[in-house]
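S.K.: Quick one: structure below, then a few questions.
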Amino acid sequence: YRYLPATPKWTGVKDIKKWENSPFYVVPESRPWFLNPDTDKRTAAINSMGIDGTYAHLIISEEPNKQDRSSRFLQQMPLQLFPITGKNREDLLQQVDNLQNLVNQGNSLPAAAKMAFTNYEKHNQESYTLAILARNVKELAREIEAAIKGVNNAFDKGEEWQTPLGSYFTANPLGKKGEVAFIYPAAVNSYLGVGRNLFRLFPEVHDDIILQNLDNRVSHVEQLVYPRSLNKLSSRELEALEKQLLDDSEAMFENEIVVARLLSKVLLDNFQVKPKFAFGYSLGEVSMMSAIGIWNQFSEMSNALNSSTLFGDRLSGAKNCVREFWQLPPVEKSPDNNFWCNYVVIATPSQVKEAIAAENRVYLTQINTPEEVVIAGEPEACERVIKKLGCNAFKAPFDHVIHCQAMASEHDEIASVNTLPIQENQQNLTLYSAAEYATIKLESKAIAEGIATGLCKQLDFPRLVNQVYNDGAKIFIETGAGNVCSRWIDKNLSDKEHMTISLNRRGLDDHSSIVKALAKLTSHQIDLDLSPLYSTVEETSKKGKITQRKVILGGHNITESILTAENKKLFQQSEISSKPVEKLAAKTNQIKAAPKPVEKELKVKTTPTPK
């Protein structure tokens with residue numbers, strides 16, 4: 001680092017434009033930081049601007065060969081999880097009272113949470129488990145007060161209890177009644193900033209094989225999902241960047257695969273959740289194969305996807321598969337791409353089938369719930385159908401072609417792109433496909449054929465969900481961006497005993513989402529490991545020891561030497577020029593050398609410093 005002379009004042013837009021085409025950008029918040037393929041370490045600049053007009057510039061970089069990515073960031077987050085077990089209602093409420101006493105004794109919130117977890121580990125076979133969340137002592141007191149009433153209501157009415165903060169209890173735990181299923185959403189739910197804190201909470205995911213294999217694409221996708229800028233982005237700028245991301249089908253798809261993979265790894269590896277089943281919604285079947293490790297040749301898959309015309313001009317963009325099927329002019333003669341749209345329609349499948357019977361350019365593509373479907377096709381024809389139905393409808397956030405006969409020509413190319421070597425099913429999961437609404441044969445060509453068949457025909461999601469449910473799943477965890485599938489599953493199983501959990505929700509930070517999910521899983525008595533949430537470092541004793549140390553005293557008082565009346569006047573000037581700075585430096589140089597120090601012994605009270 002070095003000091004530079006004072007520079008002209010910041011002049012605003014003109015200065016920003018000088019940096020627009022440079023590799024520099026401002027980081028206003030913690031965010032993922034991936035390396036470009038041609039770099040081997042991360043480098044950052046820290047600029048310090050002094051009140052006296054001088055600047056200090058510090059360049060820092062990481063050690064490229066450092067392998068240890070350990071961090072205590074997860075354990076130091078303020079939201080704490082207090083798991084409490086009990087044999088019955090009275091026992092559970094007594095344990096809640098014990099928790100309050102524990103905090104009243106002066107224990108810090110993290111220490112109390114660790115004690116609660118230690119006790120939970122010893123008694124986790126009890127009949128009931130309550131999970132309380134809190135970020136401070138006052139919040140804990142409110143959650144405990146609400147829990148007392150909530151637990152009683154849960155026992156009396158047989159209903160679950162939860163608070164906006166995430167505290168949760170059920171008197172009907174499903175962990176002993178059914179299995180866990182992972183559900184992977186379609187590749188249309190990503191958004192700006194998705195999974196922003198995952199890499200800081202779980203730094204080991206930086207070394208996951210999916211990121212190592214996709215290093216030629218990660219930096220491109222990163223700049224779309226976590227946009228860089230020199231100033232704070234306005235709402236309009238963020239909307240434009242969001243649209244840019246949505247319009248890049250390959251980037252959306254690859255980002256969804258990465259998010260699904262990392263969320264799955266966090267649950268499987270960090271918290272030891274053991275699902276029995278897994279299935280995907282539409283393109284979620286592809287995410288599923290990557291997320292649970294059936295595929296690990298991610299670079300091969302990415303290269304095949306990006307070299308294919310599927311998301312280039314066949315299913316997206318010019319949508320040439322539809323042009324050919326409808327016998328429309330090629331894009332050179334008719335460059336307008338607004339001949340296709342997708343609508344979410346709030347109506348029953350039977351009502352929609354009847355309404356589109358007279359239209360040859362409208363398709364019922366997806367049945368999400370008994371009262372929500374997706375139609376696609378010619379915009380004018382879709383609007384006629386909606387008008388005929390007289391129902392609520394809105395445009396879907398994607399415009400690519402999928403789940404209809406107009407894309408049947410792409411079956412072989414889809415199968416080709418998804419023909420990859422398979423790995424051992426280490427999680428021993430039962431996987432499902434919408435091709436036949438049945439289990440998948442774990443063989444490379446069979447997987448590819450199933451994905452292609454499922455994507456080229458109408459999707460009946462209620463049928464798929466009920467098949468997995470009938471085979472034993474009762475707890476559904478959405479391991480991907482958003483919580484759309486969770487909402488649909490709740491609708492499809494509204495009259496059946498089940499529970500849904502989403503790990504990611506727009507507007508909620510990653511830590512809160514995951515801890516809330518763990519609270520639900522804990523109360524439903526799903527086998528898992530909560531220990532990563534709690535610090536293993538013992539707290540320093542509050543009682544310091546009296547020790548003797550030798551302290552050298554003497555010399556002029558530095559405050560009196562620098563803060564003279566003359567120097568104070570210099571700093572009070574509204575415009576600090578270089579002359580006052582020079583005077584200050586000269587004055588400082590005039591400070592006489594200190595006389596020989598005098599040795600004295602003092603008794604000081606110190607607190608041992610933890611290693």
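Naming works like this for the structure tokens: A, B, ... for the chains as they're shown, residue 1 at the start of each chain, ligands 1 onward in shown order.
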If we count only C-alpha atoms and set the cut-off at 12 Å, which residues sit around His220 of chain A, ignoring sequence neighbours fewer than 6 positions away in its own chain? Please answer as an MDAnalysis selection string.
M.R.: chainID A and resid 33:37 214 226:228 245 248 250:252 254:255
S.K.: To one decimal in Å, tell me the separation between atom CA of Glu256 of chain A and atom CA of Pro164 of chain A.
M.R.: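 We find that atom CA of Glu256 of chain A and atom CA of Pro164 of chain A lie 27.3 Å from each other.
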S.K.: Please list as number ranges by chain every residue within 8 Å of Asn47 of chain A, counting only C-alpha atoms and excluding residues in the same chain fewer than 6 positions away.
M.R.: A: 55-58
S.K.: For the structure I just gave you, how does DSSP split segment 462-496 of chain A - specifically, which residues are strand (DSSP E or B)? Reply as a PyMOL selection string.
M.R.: chain A and resi 473-478
S.K.: Those residues you just picked out, can you put them in a file as a short mmCIF file (atom, residue, chain, number, x, y, z; two decimals), in the first residue's frame with C-alpha atoms?
M.R.:
```cif
data_model
loop_
_atom_site.label_atom_id
_atom_site.label_comp_id
_atom_site.auth_asym_id
_atom_site.auth_seq_id
_atom_site.Cartn_x
_atom_site.Cartn_y
_atom_site.Cartn_z
CA ALA A 473 -43.84 -39.51 1.48
CA LYS A 474 -45.41 -37.12 3.98
CA ILE A 475 -42.71 -34.44 4.38
CA PHE A 476 -41.90 -32.49 1.19
CA ILE A 477 -38.83 -30.22 1.16
CA GLU A 478 -38.48 -27.82 -1.78
#
```
S.K.: Check which residues of segment 441-475 of chain A sit at most 12 Å from segment 330-352 of chain A using only C-alpha atoms, and return one row each with the closest pair of atoms and their distance in Å to one decimal, ordered by chain and rising number, as JSON lines.
M.R.:
```
{"residue": "A:Gln458", "atom": "CA", "partner": "A:Pro349", "partner_atom": "CA", "distance": 11.5}
{"residue": "A:Leu459", "atom": "CA", "partner": "A:Pro349", "partner_atom": "CA", "distance": 11.5}
{"residue": "A:Asp460", "atom": "CA", "partner": "A:Pro349", "partner_atom": "CA", "distance": 9.8}
{"residue": "A:Phe461", "atom": "CA", "partner": "A:Pro349", "partner_atom": "CA", "distance": 11.8}
{"residue": "A:Pro462", "atom": "CA", "partner": "A:Pro349", "partner_atom": "CA", "distance": 11.3}
```
S.K.: Set the distance at 9 Å and use only C-alpha atoms: which residues neighbour segment 487-504 of chain A once local chain neighbours fewer than 2 positions away are removed? I'd like the list as a PyMOL selection string.
M.R.: chain A and resi 174+178+194-195+263+368-372+461-463+465-466+469+473-485+506+508-510+513-517+520-521
S.K.: With C-alpha atoms retained, export the selected residues as an mmCIF file, in the first residue's frame.
M.R.:
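Written output follows (out_4.cif):
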```cif
data_model
loop_
_atom_site.group_PDB
_atom_site.id
_atom_site.type_symbol
_atom_site.label_atom_id
_atom_site.label_comp_id
_atom_site.auth_asym_id
_atom_site.auth_seq_id
_atom_site.Cartn_x
_atom_site.Cartn_y
_atom_site.Cartn_z
ATOM 1 C CA LEU A 174 -44.943 -36.911 10.953
ATOM 2 C CA GLY A 178 -43.898 -40.984 6.707
ATOM 3 C CA VAL A 194 -30.794 -15.790 -4.951
ATOM 4 C CA GLY A 195 -28.673 -17.766 -2.455
ATOM 5 C CA LEU A 263 -29.256 -26.440 -0.971
ATOM 6 C CA ASN A 368 -50.421 -27.414 -11.257
ATOM 7 C CA THR A 369 -53.393 -27.970 -8.941
ATOM 8 C CA PRO A 370 -57.063 -28.969 -9.390
ATOM 9 C CA GLU A 371 -57.806 -25.248 -9.865
ATOM 10 C CA GLU A 372 -54.654 -23.811 -11.490
ATOM 11 C CA PHE A 461 -48.287 -32.336 -11.310
ATOM 12 C CA PRO A 462 -51.129 -33.470 -8.977
ATOM 13 C CA ARG A 463 -50.789 -36.976 -10.401
ATOM 14 C CA VAL A 465 -47.398 -35.624 -6.196
ATOM 15 C CA ASN A 466 -50.067 -38.159 -5.279
ATOM 16 C CA TYR A 469 -47.424 -39.525 -1.442
ATOM 17 C CA ALA A 473 -43.840 -39.507 1.478
ATOM 18 C CA LYS A 474 -45.412 -37.120 3.980
ATOM 19 C CA ILE A 475 -42.708 -34.443 4.377
ATOM 20 C CA PHE A 476 -41.901 -32.489 1.189
ATOM 21 C CA ILE A 477 -38.832 -30.218 1.164
ATOM 22 C CA GLU A 478 -38.484 -27.817 -1.780
ATOM 23 C CA THR A 479 -34.746 -27.752 -2.469
ATOM 24 C CA GLY A 480 -34.540 -24.963 -5.019
ATOM 25 C CA ALA A 481 -35.327 -21.331 -5.677
ATOM 26 C CA GLY A 482 -38.704 -20.087 -4.450
ATOM 27 C CA ASN A 483 -41.611 -21.853 -2.794
ATOM 28 C CA VAL A 484 -44.045 -22.362 -5.703
ATOM 29 C CA CYS A 485 -43.986 -26.166 -5.601
ATOM 30 C CA ARG A 506 -37.663 -14.279 -2.094
ATOM 31 C CA LEU A 508 -36.180 -13.796 3.259
ATOM 32 C CA ASP A 509 -32.467 -14.193 3.928
ATOM 33 C CA ASP A 510 -30.878 -17.617 3.489
ATOM 34 C CA SER A 513 -35.060 -19.649 5.641
ATOM 35 C CA ILE A 514 -32.848 -22.566 6.595
ATOM 36 C CA VAL A 515 -33.267 -22.172 10.367
ATOM 37 C CA LYS A 516 -37.063 -21.935 9.993
ATOM 38 C CA ALA A 517 -36.986 -25.116 7.913
ATOM 39 C CA LYS A 520 -40.191 -27.475 11.414
ATOM 40 C CA LEU A 521 -38.166 -30.608 10.718
#
```
S.K.: Residues within 12 Å of Gly312 of chain A, please, as a VMD selection string. Count only C-alpha atoms; anything in the same chain fewer than 5 positions from it doesn't count.
M.R.: chain A and resid 247 to 251 305 to 307 317 to 321 400 to 401
S.K.: How many Å lie between atom CA of Pro32 of chain A and atom CA of Leu224 of chain A, rounded to one decimal?
M.R.: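 According to the coordinates, atom CA of Pro32 of chain A and atom CA of Leu224 of chain A are separated by 12.2 Å.
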S.K.: Take atom CA of Gly377 of chain A and atom CA of Phe253 of chain A and report the distance between them in Å, one decimal.
M.R.: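 Atom-to-atom, atom CA of Gly377 of chain A to atom CA of Phe253 of chain A, that is 22.0 Å.
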